[in-house]
>>> print(open('my_file39.txt').read())   # compact mmCIF, C-alpha atoms
# COMPACT_ATOMS: atom_id res chain seq x y z
CA MET A 1 14.95 2.07 -42.41
CA ALA A 2 13.40 -1.07 -41.07
CA ASN A 3 10.03 -0.67 -39.50
CA PHE A 4 9.05 -2.52 -36.39
CA SER A 5 5.57 -2.87 -34.92
CA ASN A 6 5.10 -1.87 -31.31
CA ASP A 7 4.38 -5.49 -30.46
CA THR A 8 7.66 -6.59 -32.06
CA ILE A 9 9.62 -4.04 -30.04
CA GLN A 10 7.84 -4.97 -26.83
CA GLN A 11 8.52 -8.64 -27.53
CA ALA A 12 12.20 -7.93 -28.24
CA MET A 13 12.51 -5.98 -24.99
CA LYS A 14 11.04 -8.87 -23.10
CA SER A 15 13.12 -11.56 -24.78
CA SER A 16 16.48 -9.79 -24.49
CA GLY A 17 15.75 -8.56 -20.96
CA MET A 18 18.16 -5.66 -21.17
CA ILE A 19 18.24 -2.34 -23.00
CA PRO A 20 21.40 -0.29 -23.03
CA VAL A 21 20.88 3.40 -22.33
CA PHE A 22 23.63 5.51 -23.82
CA TYR A 23 24.61 8.99 -24.91
CA HIS A 24 27.75 10.38 -26.48
CA ALA A 25 28.36 13.58 -28.41
CA ASP A 26 30.87 11.89 -30.73
CA ILE A 27 29.18 9.89 -33.50
CA GLU A 28 32.20 7.63 -33.92
CA VAL A 29 32.04 6.60 -30.25
CA ALA A 30 28.27 6.13 -30.53
CA LYS A 31 28.74 3.88 -33.59
CA ALA A 32 31.40 1.81 -31.84
CA VAL A 33 29.22 1.40 -28.76
CA LEU A 34 26.26 0.37 -30.92
CA ASP A 35 28.41 -2.18 -32.76
CA ALA A 36 29.82 -3.66 -29.57
CA SER A 37 26.35 -3.83 -28.02
CA TYR A 38 24.93 -5.54 -31.09
CA LYS A 39 27.79 -8.04 -31.16
CA GLY A 40 27.22 -8.67 -27.46
CA GLY A 41 23.61 -9.61 -28.23
CA VAL A 42 21.63 -6.39 -27.81
CA ARG A 43 18.67 -5.93 -30.18
CA VAL A 44 16.92 -2.97 -28.55
CA PHE A 45 19.02 0.12 -27.93
CA GLU A 46 18.12 3.45 -26.34
CA PHE A 47 20.15 6.50 -27.29
CA THR A 48 19.47 9.38 -24.92
CA ASN A 49 18.72 12.96 -25.80
CA ARG A 50 21.12 14.49 -23.30
CA GLY A 51 23.42 16.76 -25.24
CA GLU A 52 23.09 19.69 -27.60
CA ASN A 53 23.89 17.67 -30.69
CA ALA A 54 21.97 14.57 -29.61
CA PHE A 55 19.54 14.93 -32.51
CA GLN A 56 22.31 15.03 -35.07
CA VAL A 57 24.16 12.07 -33.53
CA PHE A 58 20.92 10.11 -33.30
CA THR A 59 19.96 10.65 -36.95
CA GLU A 60 23.42 9.58 -38.06
CA LEU A 61 23.26 6.58 -35.77
CA LEU A 62 19.90 5.61 -37.26
CA LYS A 63 21.45 5.62 -40.71
CA TYR A 64 24.41 3.62 -39.51
CA ALA A 65 22.13 1.10 -37.74
CA GLN A 66 20.40 0.19 -41.01
CA LYS A 67 23.01 -2.49 -41.56
CA TYR A 68 21.39 -4.39 -38.69
CA SER A 69 17.98 -5.47 -39.92
CA ASP A 70 16.89 -6.67 -36.48
CA LEU A 71 18.10 -3.77 -34.34
CA MET A 72 15.53 -1.45 -32.79
CA LEU A 73 16.85 1.99 -32.00
CA GLY A 74 14.84 4.35 -29.85
CA ILE A 75 15.37 7.70 -28.25
CA GLY A 76 15.30 8.38 -24.51
CA THR A 77 15.27 11.39 -22.17
CA VAL A 78 12.53 13.02 -24.24
CA MET A 79 10.46 15.44 -22.17
CA ASP A 80 7.83 17.02 -24.41
CA ALA A 81 5.65 16.51 -27.47
CA ALA A 82 7.62 18.79 -29.80
CA THR A 83 10.82 16.82 -29.21
CA THR A 84 8.89 13.57 -29.49
CA GLN A 85 7.61 14.65 -32.92
CA LYS A 86 11.07 15.64 -34.06
CA PHE A 87 12.58 12.27 -33.19
CA ILE A 88 9.64 10.27 -34.57
CA SER A 89 9.98 12.15 -37.86
CA ALA A 90 13.69 11.33 -37.89
CA GLY A 91 12.83 7.62 -37.62
CA ALA A 92 13.10 6.68 -33.92
CA HIS A 93 11.58 3.24 -33.34
CA PHE A 94 10.32 4.04 -29.86
CA ILE A 95 10.24 6.90 -27.35
CA VAL A 96 11.40 6.70 -23.74
CA SER A 97 10.92 9.46 -21.20
CA PRO A 98 11.97 9.89 -17.57
CA VAL A 99 8.62 11.57 -16.90
CA LEU A 100 4.93 10.91 -17.43
CA LYS A 101 3.71 13.59 -19.80
CA GLN A 102 0.26 13.29 -21.28
CA GLU A 103 0.98 15.29 -24.47
CA MET A 104 3.62 12.71 -25.39
CA ALA A 105 1.07 9.89 -24.99
CA GLY A 106 -1.36 11.46 -27.43
CA LEU A 107 1.31 12.09 -30.02
CA CYS A 108 2.83 8.60 -29.84
CA GLN A 109 -0.63 7.09 -30.13
CA LYS A 110 -1.35 9.20 -33.20
CA GLU A 111 2.00 8.21 -34.75
CA ASN A 112 1.58 4.60 -33.59
CA LYS A 113 4.91 4.64 -31.73
CA LEU A 114 5.70 2.79 -28.54
CA TRP A 115 5.65 5.35 -25.69
CA ILE A 116 7.58 4.35 -22.57
CA PRO A 117 7.00 6.96 -19.86
CA GLY A 118 8.97 7.16 -16.64
CA CYS A 119 6.96 6.71 -13.46
CA ALA A 120 7.80 6.68 -9.77
CA THR A 121 4.49 5.97 -8.03
CA LEU A 122 1.62 3.56 -8.60
CA THR A 123 -0.68 6.51 -9.28
CA GLU A 124 1.63 7.61 -12.10
CA ILE A 125 1.89 4.04 -13.39
CA VAL A 126 -1.87 3.50 -13.58
CA THR A 127 -2.31 6.94 -15.17
CA ALA A 128 0.28 5.97 -17.80
CA LYS A 129 -1.45 2.65 -18.38
CA ASP A 130 -4.81 4.39 -18.80
CA LEU A 131 -3.15 6.72 -21.33
CA GLY A 132 -2.05 3.72 -23.38
CA ALA A 133 1.47 2.90 -22.15
CA LYS A 134 2.21 -0.79 -22.78
CA VAL A 135 5.65 -0.67 -21.18
CA ILE A 136 6.44 1.63 -18.26
CA LYS A 137 9.85 2.73 -17.11
CA ILE A 138 10.47 2.75 -13.35
CA PHE A 139 12.74 5.65 -12.54
CA PRO A 140 14.94 6.07 -10.61
CA GLY A 141 15.29 2.34 -10.11
CA SER A 142 17.94 2.68 -7.43
CA VAL A 143 15.62 4.79 -5.25
CA LEU A 144 12.48 2.69 -5.68
CA GLY A 145 14.18 -0.70 -5.63
CA PRO A 146 12.92 -4.18 -6.50
CA GLY A 147 10.69 -3.99 -3.39
CA PHE A 148 8.60 -1.34 -5.12
CA VAL A 149 7.96 -3.64 -8.06
CA SER A 150 7.10 -6.65 -5.93
CA SER A 151 4.68 -4.54 -3.85
CA ILE A 152 2.72 -3.23 -6.81
CA MET A 153 2.63 -6.29 -9.10
CA PRO A 154 -0.09 -8.13 -7.12
CA VAL A 155 -2.18 -4.95 -6.95
CA VAL A 156 -2.18 -4.22 -10.69
CA PRO A 157 -1.44 -7.52 -12.44
CA GLY A 158 -0.04 -7.55 -15.95
CA LEU A 159 2.16 -4.46 -15.67
CA GLN A 160 5.16 -4.44 -18.04
CA LEU A 161 7.88 -2.65 -16.12
CA MET A 162 11.43 -1.66 -17.02
CA PRO A 163 13.55 -0.16 -14.21
CA THR A 164 16.31 2.25 -15.18
CA GLY A 165 18.88 3.96 -13.03
CA GLY A 166 21.25 2.11 -10.78
CA VAL A 167 20.57 -1.32 -12.26
CA GLU A 168 23.81 -3.27 -11.91
CA PRO A 169 25.10 -5.99 -14.26
CA THR A 170 25.51 -8.43 -11.36
CA GLU A 171 23.61 -11.62 -10.70
CA ALA A 172 22.44 -10.39 -7.27
CA ASN A 173 21.02 -7.13 -8.57
CA LEU A 174 19.52 -8.49 -11.78
CA SER A 175 18.00 -11.45 -10.01
CA ALA A 176 16.31 -9.17 -7.44
CA TRP A 177 14.71 -7.14 -10.24
CA PHE A 178 13.56 -10.09 -12.35
CA LYS A 179 12.24 -11.95 -9.32
CA ALA A 180 10.22 -8.85 -8.46
CA GLY A 181 8.56 -9.14 -11.87
CA VAL A 182 10.15 -6.68 -14.34
CA ILE A 183 10.13 -7.57 -18.05
CA CYS A 184 13.50 -5.97 -18.76
CA VAL A 185 16.02 -3.54 -17.31
CA GLY A 186 17.66 -0.43 -18.70
CA MET A 187 21.38 -0.20 -18.10
CA GLY A 188 23.58 2.83 -18.65
CA SER A 189 26.65 3.96 -16.79
CA GLN A 190 27.03 0.63 -15.02
CA LEU A 191 27.61 -0.99 -18.39
CA PHE A 192 29.27 1.83 -20.31
CA THR A 193 31.78 2.63 -17.64
CA LYS A 194 33.90 5.73 -17.92
CA GLU A 195 36.94 3.52 -18.20
CA ILE A 196 35.62 1.52 -21.15
CA ILE A 197 34.56 4.65 -23.02
CA GLU A 198 37.78 6.55 -22.33
CA THR A 199 40.01 3.68 -23.36
CA LYS A 200 37.68 2.77 -26.25
CA ASN A 201 37.88 -0.81 -25.12
CA TRP A 202 35.08 -2.06 -27.37
CA SER A 203 35.93 -5.73 -27.04
CA LYS A 204 35.60 -5.41 -23.28
CA LEU A 205 32.26 -3.66 -23.75
CA GLU A 206 31.03 -6.44 -26.00
CA GLN A 207 32.03 -8.93 -23.32
CA SER A 208 30.29 -6.95 -20.54
CA VAL A 209 27.10 -6.78 -22.59
CA ALA A 210 27.25 -10.50 -23.39
CA ASP A 211 27.88 -11.27 -19.70
CA ALA A 212 24.92 -9.19 -18.54
CA LEU A 213 22.62 -10.86 -21.08
CA ALA A 214 23.91 -14.30 -20.07
CA ILE A 215 23.16 -13.56 -16.42
CA ILE A 216 19.58 -12.66 -17.37
CA VAL A 217 19.17 -15.88 -19.36
CA LYS A 218 20.48 -17.85 -16.38
CA ILE A 219 18.19 -16.06 -13.89
CA ARG A 220 15.15 -16.70 -16.03
CA LYS A 221 15.89 -20.42 -16.25
CA LYS A 222 15.72 -20.73 -12.47
CA MET B 1 -10.00 3.99 11.96
CA LYS B 2 -7.67 5.90 14.20
CA GLU B 3 -9.23 4.17 17.16
CA ALA B 4 -8.93 0.83 15.43
CA ARG B 5 -5.21 1.40 14.78
CA ILE B 6 -5.06 -1.79 12.76
CA VAL B 7 -7.10 -2.43 9.64
CA PRO B 8 -6.76 -5.93 8.21
CA LEU B 9 -6.78 -6.21 4.46
CA PHE B 10 -7.74 -9.49 3.01
CA THR B 11 -9.02 -11.22 -0.09
CA HIS B 12 -10.24 -14.72 -0.74
CA ASP B 13 -12.25 -16.36 -3.48
CA ASN B 14 -14.06 -18.73 -1.13
CA PRO B 15 -17.00 -17.01 0.60
CA LYS B 16 -17.02 -19.42 3.55
CA ASP B 17 -13.31 -18.95 4.29
CA ALA B 18 -13.67 -15.19 3.91
CA GLN B 19 -16.56 -15.25 6.36
CA ASP B 20 -14.54 -17.29 8.87
CA VAL B 21 -11.68 -14.81 8.59
CA LEU B 22 -14.00 -11.85 9.10
CA GLU B 23 -15.53 -13.49 12.17
CA ALA B 24 -12.14 -14.38 13.64
CA ALA B 25 -10.94 -10.82 13.03
CA TYR B 26 -14.03 -9.40 14.74
CA ASP B 27 -13.61 -11.76 17.69
CA GLY B 28 -9.99 -10.66 17.90
CA GLY B 29 -11.10 -7.05 18.28
CA ILE B 30 -11.14 -5.71 14.72
CA ARG B 31 -13.82 -3.10 14.00
CA VAL B 32 -12.65 -1.80 10.62
CA PHE B 33 -12.02 -4.40 7.92
CA GLU B 34 -10.86 -4.00 4.31
CA PHE B 35 -11.73 -6.70 1.81
CA THR B 36 -9.66 -6.30 -1.36
CA ASN B 37 -10.98 -6.53 -4.90
CA ARG B 38 -8.25 -8.75 -6.31
CA ARG B 39 -10.07 -11.81 -7.59
CA GLU B 40 -12.60 -12.38 -10.31
CA ASN B 41 -15.40 -13.13 -7.87
CA SER B 42 -14.43 -10.48 -5.29
CA PHE B 43 -17.70 -8.63 -5.77
CA ASP B 44 -19.75 -11.70 -4.91
CA VAL B 45 -17.60 -12.60 -1.91
CA PHE B 46 -17.77 -9.01 -0.71
CA THR B 47 -21.58 -8.87 -0.89
CA HIS B 48 -21.67 -12.14 1.06
CA LEU B 49 -19.42 -10.59 3.73
CA LEU B 50 -21.65 -7.52 3.86
CA SER B 51 -24.63 -9.72 4.64
CA VAL B 52 -22.63 -11.57 7.31
CA SER B 53 -21.45 -8.32 8.86
CA LYS B 54 -25.01 -7.18 9.54
CA LYS B 55 -24.89 -9.11 12.80
CA TYR B 56 -22.10 -6.83 14.01
CA SER B 57 -23.53 -3.38 14.59
CA ASP B 58 -20.10 -1.83 15.15
CA LEU B 59 -18.12 -3.35 12.27
CA MET B 60 -17.16 -1.18 9.32
CA LEU B 61 -16.55 -3.17 6.16
CA GLY B 62 -14.90 -1.48 3.22
CA ILE B 63 -13.53 -2.46 -0.15
CA GLY B 64 -9.93 -2.05 -1.27
CA THR B 65 -7.84 -2.28 -4.48
CA ILE B 66 -10.37 -0.19 -6.39
CA LEU B 67 -8.88 1.58 -9.40
CA ASP B 68 -11.63 3.54 -11.12
CA GLY B 69 -14.92 5.40 -10.78
CA PRO B 70 -17.35 2.77 -12.12
CA THR B 71 -15.99 0.05 -9.80
CA THR B 72 -16.20 2.49 -6.90
CA LYS B 73 -19.85 3.10 -7.71
CA LYS B 74 -20.61 -0.61 -7.97
CA PHE B 75 -19.20 -1.37 -4.53
CA ILE B 76 -20.82 1.66 -2.90
CA ASP B 77 -24.18 0.57 -4.33
CA ALA B 78 -23.58 -2.87 -2.84
CA GLY B 79 -23.10 -1.29 0.57
CA ALA B 80 -19.36 -0.76 1.14
CA ASP B 81 -18.74 1.45 4.20
CA PHE B 82 -15.59 2.98 2.68
CA VAL B 83 -13.47 2.71 -0.47
CA ILE B 84 -9.69 2.23 -0.51
CA SER B 85 -7.43 2.48 -3.55
CA PRO B 86 -3.72 1.88 -4.12
CA ILE B 87 -3.72 5.01 -6.31
CA MET B 88 -4.94 8.60 -6.18
CA LYS B 89 -7.59 8.88 -8.85
CA LEU B 90 -9.78 11.96 -8.78
CA GLU B 91 -12.81 10.39 -10.51
CA MET B 92 -13.05 8.11 -7.47
CA ALA B 93 -13.04 11.11 -5.14
CA LYS B 94 -16.08 12.51 -6.90
CA VAL B 95 -18.07 9.26 -6.78
CA CYS B 96 -17.32 8.90 -3.06
CA ARG B 97 -18.24 12.52 -2.35
CA ASP B 98 -21.53 12.17 -4.24
CA HIS B 99 -22.42 9.17 -2.07
CA ASP B 100 -20.96 10.56 1.16
CA ILE B 101 -18.60 7.62 1.48
CA SER B 102 -15.05 7.87 2.79
CA TRP B 103 -12.45 7.82 -0.04
CA ILE B 104 -9.03 6.53 1.03
CA PRO B 105 -6.62 6.96 -1.90
CA GLY B 106 -3.14 5.47 -2.07
CA CYS B 107 -0.36 8.03 -2.31
CA ALA B 108 3.42 7.85 -2.50
CA THR B 109 4.61 11.47 -2.64
CA LEU B 110 3.68 14.56 -0.66
CA THR B 111 2.28 16.12 -3.83
CA GLU B 112 -0.10 13.18 -4.25
CA ILE B 113 -1.01 13.34 -0.55
CA VAL B 114 -1.86 17.05 -0.60
CA THR B 115 -3.76 16.67 -3.88
CA ALA B 116 -5.79 13.90 -2.24
CA LYS B 117 -6.40 16.05 0.85
CA ASP B 118 -7.52 19.00 -1.29
CA ASN B 119 -9.97 16.65 -3.01
CA GLY B 120 -11.56 15.62 0.23
CA ALA B 121 -9.56 12.65 1.49
CA GLU B 122 -9.57 12.63 5.28
CA ILE B 123 -7.52 9.48 5.56
CA ILE B 124 -4.77 8.76 3.07
CA LYS B 125 -3.18 5.43 2.44
CA LEU B 126 0.57 5.40 2.11
CA PHE B 127 1.64 2.73 -0.37
CA PRO B 128 3.96 0.84 -0.59
CA GLY B 129 4.86 1.37 3.06
CA SER B 130 7.89 -0.90 2.84
CA VAL B 131 9.44 1.27 0.12
CA LEU B 132 8.67 4.67 1.67
CA GLY B 133 9.41 3.69 5.26
CA PRO B 134 8.57 5.33 8.62
CA GLY B 135 11.09 8.08 7.79
CA PHE B 136 8.76 9.29 5.04
CA VAL B 137 5.93 9.67 7.56
CA SER B 138 8.02 11.53 10.13
CA SER B 139 9.31 13.85 7.38
CA VAL B 140 5.91 14.84 6.02
CA MET B 141 3.94 15.09 9.27
CA PRO B 142 5.50 18.39 10.45
CA VAL B 143 5.11 19.83 6.95
CA VAL B 144 1.39 19.14 6.65
CA PRO B 145 0.09 18.79 10.19
CA GLY B 146 -3.09 16.88 10.79
CA LEU B 147 -2.53 14.26 8.10
CA GLN B 148 -4.20 10.95 8.83
CA LEU B 149 -2.02 8.35 7.19
CA MET B 150 -2.80 4.68 6.91
CA ILE B 151 0.24 2.60 6.11
CA THR B 152 -0.10 -0.41 3.83
CA GLY B 153 2.51 -2.77 2.47
CA GLY B 154 5.25 -4.18 4.63
CA VAL B 155 3.79 -3.51 8.07
CA GLU B 156 4.66 -6.45 10.26
CA PRO B 157 2.71 -7.71 13.26
CA ASN B 158 5.62 -7.30 15.67
CA GLU B 159 6.40 -4.72 18.30
CA LYS B 160 9.23 -3.05 16.38
CA SER B 161 7.33 -2.52 13.15
CA ILE B 162 4.06 -1.43 14.79
CA SER B 163 5.66 0.96 17.25
CA THR B 164 8.05 2.47 14.67
CA TRP B 165 5.19 3.32 12.31
CA LEU B 166 2.86 4.66 14.98
CA LYS B 167 5.61 6.73 16.58
CA ALA B 168 6.46 8.21 13.18
CA GLY B 169 2.91 9.55 13.17
CA ALA B 170 0.81 7.00 11.29
CA ALA B 171 -2.89 7.11 12.18
CA CYS B 172 -3.41 3.43 11.54
CA LEU B 173 -1.78 0.41 9.96
CA GLY B 174 -3.09 -1.84 7.24
CA MET B 175 -1.98 -5.41 7.57
CA GLY B 176 -2.45 -8.14 5.00
CA SER B 177 -0.30 -11.12 4.15
CA GLN B 178 1.78 -10.67 7.29
CA LEU B 179 -1.31 -11.31 9.41
CA PHE B 180 -3.22 -13.71 7.19
CA THR B 181 -0.30 -16.00 6.55
CA LYS B 182 -0.45 -18.74 3.98
CA GLU B 183 -0.07 -21.25 6.80
CA ILE B 184 -3.06 -19.95 8.78
CA LEU B 185 -5.25 -19.87 5.68
CA GLU B 186 -4.26 -23.32 4.47
CA GLN B 187 -4.85 -24.88 7.87
CA LYS B 188 -7.93 -22.73 8.47
CA ASN B 189 -6.53 -22.09 11.90
CA TRP B 190 -8.96 -19.34 12.88
CA ALA B 191 -8.12 -19.59 16.58
CA LEU B 192 -4.51 -18.75 15.82
CA LEU B 193 -5.63 -15.90 13.55
CA LYS B 194 -7.77 -14.44 16.34
CA GLN B 195 -4.81 -14.69 18.70
CA ARG B 196 -2.44 -12.99 16.23
CA ILE B 197 -4.90 -10.16 15.80
CA GLN B 198 -5.31 -9.70 19.54
CA GLU B 199 -1.54 -9.57 19.90
CA ALA B 200 -1.18 -6.99 17.13
CA LEU B 201 -3.93 -4.81 18.63
CA THR B 202 -2.29 -5.01 22.04
CA LEU B 203 1.03 -3.94 20.54
CA ALA B 204 -0.66 -1.04 18.77
CA ARG B 205 -2.37 0.08 22.01
CA GLU B 206 0.92 -0.05 23.89
CA ALA B 207 2.79 1.83 21.19
CA ARG B 208 0.25 4.66 21.44
CA LYS B 209 0.76 5.19 25.17
>>> encode(input="my_file39.txt", output="structure tokens")
Amino acid sequence: MANFSNDTIQQAMKSSGMIPVFYHADIEVAKAVLDASYKGGVRVFEFTNRGENAFQVFTELLKYAQKYSDLMLGIGTVMDAATTQKFISAGAHFIVSPVLKQEMAGLCQKENKLWIPGCATLTEIVTAKDLGAKVIKIFPGSVLGPGFVSSIMPVVPGLQLMPTGGVEPTEANLSAWFKAGVICVGMGSQLFTKEIIETKNWSKLEQSVADALAIIVKIRKK
Amino acid sequence: MKEARIVPLFTHDNPKDAQDVLEAAYDGGIRVFEFTNRRENSFDVFTHLLSVSKKYSDLMLGIGTILDGPTTKKFIDAGADFVISPIMKLEMAKVCRDHDISWIPGCATLTEIVTAKDNGAEIIKLFPGSVLGPGFVSSVMPVVPGLQLMITGGVEPNEKSISTWLKAGAACLGMGSQLFTKEILEQKNWALLKQRIQEALTLAREARK
């Protein structure tokens, strides 16, 4: 399994601008989604721990992902230290959480893994930063909105924020987030639509991923 | 602060311009002023303003955008009348309590607000106001009566914004870039600034009636 430094992962998040957030109980679907995402240009991928067999699917996906030497595969929706340890031991490249939990910070620091906690207020964000978080997830993005990011950026300069939840693969939505100052966005159900998954339309998924990444490149050039 | 209704928040790296703004704000009727710690030389500019403010016996000059205990201590030692933060950090509460200085933490959920209250905050800053909205204030006020909320971020110096926030139950309004516009600062148009402040204070008085 390739090993990536936390700086490398952070840099890859920043340069690609978008991280897919995905869960499926079927390993074959998960593999196909990973392949399509990679072909579409994704280099940082978050599989989420949202089903009973998520650990099993994730470990198999990690094995499968070894064919891509430049793909970083992390685990999301992790809520406590014990689960964090389990996934780090399995080989997760980074840990994402929808909450800010101090015990996870200590463990990730000890294991030298990138810890991306989910925060919803500036108090939580600064607490996370003080606990060593280099990248902070803003969740739920749809509730807080780009206005939240643009309000806090001048107050605490240098924050590396990634909104997740309700981020849409449209120029209007993406441009509002990037203008507000985020380093990347997490995108789940808006990208992996029910229709695409049900019809296993992987070429369409690859196209949607490539389109979303192209929009981000275009926005950043402005 | 409640009497003041409007608390300007302002930062500048030029001491002379900062002084002119403070004087214009005072002339416009401001009695509580927040200088924010957002530049490298903010401490020096703030101490200059403190020396200027000695000529006004009824002006309270505090420091804002403070994020930790040591910085809180530094500004209190310099003479800040109160300390404002965009976050709720308990180590700051302790420093302020030890020095008998008002701690105004920034909160964004009712849990943060009540935690701040339990730790001695009499006035709590709601931030970012534009994201939470007046509806947040009117929802929490009946739940925890007696809250003194200061709204910061997105308060506009017009009748609609001022009256909506005050009617929702805000104790006072913090106003920054909307009051100290780029245009006013670039042109150093202090007369216009004074006028804007007078207008905002009048609107706040009328909204309270």
>>> residues_near_point(input="my_file39.txt", point="(4.7, 4.1, -7.4)", cutoff="9 Å", atoms="only C-alpha atoms", output="list in words")
Cys119, Ala120, Thr121, Leu122, Thr123, Glu124, Ile125, Ile138, Leu144, Phe148, Val149 and Ile152 of chain A; Ile87, Cys107, Ala108, Thr109, Phe127 and Pro128 of chain B
>>> residues_around(input="my_file39.txt", residues="Gly154 of chain B", least_positions_apart="5", cutoff="9 Å", atoms="all atoms listed in the file", output="list in words")
Ser151 of chain A; Pro128, Gly129, Ser130, Val131, Gly133, Ser161, Met175, Gly176, Ser177 and Gln178 of chain B
>>> write_last_selection(input="my_file39.txt", atoms="C-alpha atoms", output="compact mmCIF listing (two decimals), in the frame of the given file")
# COMPACT_ATOMS: atom_id res chain seq x y z
CA SER A 151 4.68 -4.54 -3.85
CA PRO B 128 3.96 0.84 -0.59
CA GLY B 129 4.86 1.37 3.06
CA SER B 130 7.89 -0.90 2.84
CA VAL B 131 9.44 1.27 0.12
CA GLY B 133 9.41 3.69 5.26
CA SER B 161 7.33 -2.52 13.15
CA MET B 175 -1.98 -5.41 7.57
CA GLY B 176 -2.45 -8.14 5.00
CA SER B 177 -0.30 -11.12 4.15
CA GLN B 178 1.78 -10.67 7.29
>>> closest_residue(input="my_file39.txt", among="B:Leu110, B:Ala171, B:Leu185, B:Leu192", to="Thr11 of chain B", atoms="only C-alpha atoms")
B:Leu185
>>> closest_residue(input="my_file39.txt", among="B:Leu49, B:Ala93, B:Met88, B:Val83", to="Thr111 of chain B", atoms="all atoms listed in the file")
B:Met88
>>> residues_around(input="my_file39.txt", residues="Tyr38 of chain A", least_positions_apart="6", cutoff="9 Å", atoms="only C-alpha atoms", output="PDB file with C-alpha atoms, in the frame of the given file")
ATOM      1  CA  VAL A  44      16.920  -2.970 -28.550  1.00  0.00           C
ATOM      2  CA  PHE A  45      19.020   0.120 -27.930  1.00  0.00           C
ATOM      3  CA  TYR A  68      21.390  -4.390 -38.690  1.00  0.00           C
ATOM      4  CA  LEU A  71      18.100  -3.770 -34.340  1.00  0.00           C
ATOM      5  CA  GLU A 206      31.030  -6.440 -26.000  1.00  0.00           C
ATOM      6  CA  VAL A 209      27.100  -6.780 -22.590  1.00  0.00           C
TER       7      VAL A 209
END
>>> residues_around(input="my_file39.txt", residues="segment 25-42 of chain B", least_positions_apart="3", cutoff="8 Å", atoms="only C-alpha atoms", output="PyMOL selection string")
(chain A and resi 155) or (chain B and resi 1+4+6-13+21-22+45-46+58-66+84+193-195+197-198+201)
>>> atom_distance(input="my_file39.txt", atom1="atom CA of Trp103 of chain B", atom2="atom CA of Glu156 of chain B")
24.5 Å
>>> closest_residue(input="my_file39.txt", among="B:Thr152, B:Ser139, B:Ser53, B:Thr71", to="chain A", atoms="all atoms listed in the file")
B:Thr152
>>> residues_around(input="my_file39.txt", residues="Trp165 of chain B", least_positions_apart="6", cutoff="9 Å", atoms="only C-alpha atoms", output="count of residues only")
10
>>> build_atoms(input="my_file39.txt", residues="segment 139-151 of chain B", atoms="N, CA and C atoms", output="PDB file, in the frame of the given file")
ATOM      1  N   SER B 139       8.906  12.658   8.137  1.00  0.00           N
ATOM      2  CA  SER B 139       9.310  13.850   7.380  1.00  0.00           C
ATOM      3  C   SER B 139       8.126  14.699   6.944  1.00  0.00           C
ATOM      4  N   VAL B 140       7.038  14.062   6.557  1.00  0.00           N
ATOM      5  CA  VAL B 140       5.910  14.840   6.020  1.00  0.00           C
ATOM      6  C   VAL B 140       4.962  15.358   7.107  1.00  0.00           C
ATOM      7  N   MET B 141       4.909  14.686   8.240  1.00  0.00           N
ATOM      8  CA  MET B 141       3.940  15.090   9.270  1.00  0.00           C
ATOM      9  C   MET B 141       4.124  16.530   9.750  1.00  0.00           C
ATOM     10  N   PRO B 142       5.361  16.993  10.005  1.00  0.00           N
ATOM     11  CA  PRO B 142       5.500  18.390  10.450  1.00  0.00           C
ATOM     12  C   PRO B 142       5.187  19.388   9.331  1.00  0.00           C
ATOM     13  N   VAL B 143       5.312  18.941   8.094  1.00  0.00           N
ATOM     14  CA  VAL B 143       5.110  19.830   6.950  1.00  0.00           C
ATOM     15  C   VAL B 143       3.617  20.077   6.704  1.00  0.00           C
ATOM     16  N   VAL B 144       2.851  19.030   6.813  1.00  0.00           N
ATOM     17  CA  VAL B 144       1.390  19.140   6.650  1.00  0.00           C
ATOM     18  C   VAL B 144       0.732  18.546   7.895  1.00  0.00           C
ATOM     19  N   PRO B 145       0.626  19.333   8.938  1.00  0.00           N
ATOM     20  CA  PRO B 145       0.090  18.790  10.190  1.00  0.00           C
ATOM     21  C   PRO B 145      -1.352  18.323  10.019  1.00  0.00           C
ATOM     22  N   GLY B 146      -1.715  17.358  10.822  1.00  0.00           N
ATOM     23  CA  GLY B 146      -3.090  16.880  10.790  1.00  0.00           C
ATOM     24  C   GLY B 146      -3.344  15.792   9.772  1.00  0.00           C
ATOM     25  N   LEU B 147      -2.324  15.367   9.051  1.00  0.00           N
ATOM     26  CA  LEU B 147      -2.530  14.260   8.100  1.00  0.00           C
ATOM     27  C   LEU B 147      -2.902  12.990   8.853  1.00  0.00           C
ATOM     28  N   GLN B 148      -3.831  12.246   8.270  1.00  0.00           N
ATOM     29  CA  GLN B 148      -4.200  10.950   8.830  1.00  0.00           C
ATOM     30  C   GLN B 148      -3.725   9.907   7.831  1.00  0.00           C
ATOM     31  N   LEU B 149      -2.597   9.301   8.138  1.00  0.00           N
ATOM     32  CA  LEU B 149      -2.020   8.350   7.190  1.00  0.00           C
ATOM     33  C   LEU B 149      -2.226   6.911   7.637  1.00  0.00           C
ATOM     34  N   MET B 150      -2.653   6.116   6.672  1.00  0.00           N
ATOM     35  CA  MET B 150      -2.800   4.680   6.910  1.00  0.00           C
ATOM     36  C   MET B 150      -1.686   3.990   6.111  1.00  0.00           C
ATOM     37  N   ILE B 151      -0.901   3.206   6.779  1.00  0.00           N
ATOM     38  CA  ILE B 151       0.240   2.600   6.110  1.00  0.00           C
ATOM     39  C   ILE B 151      -0.118   1.206   5.611  1.00  0.00           C
TER      40      ILE B 151
END
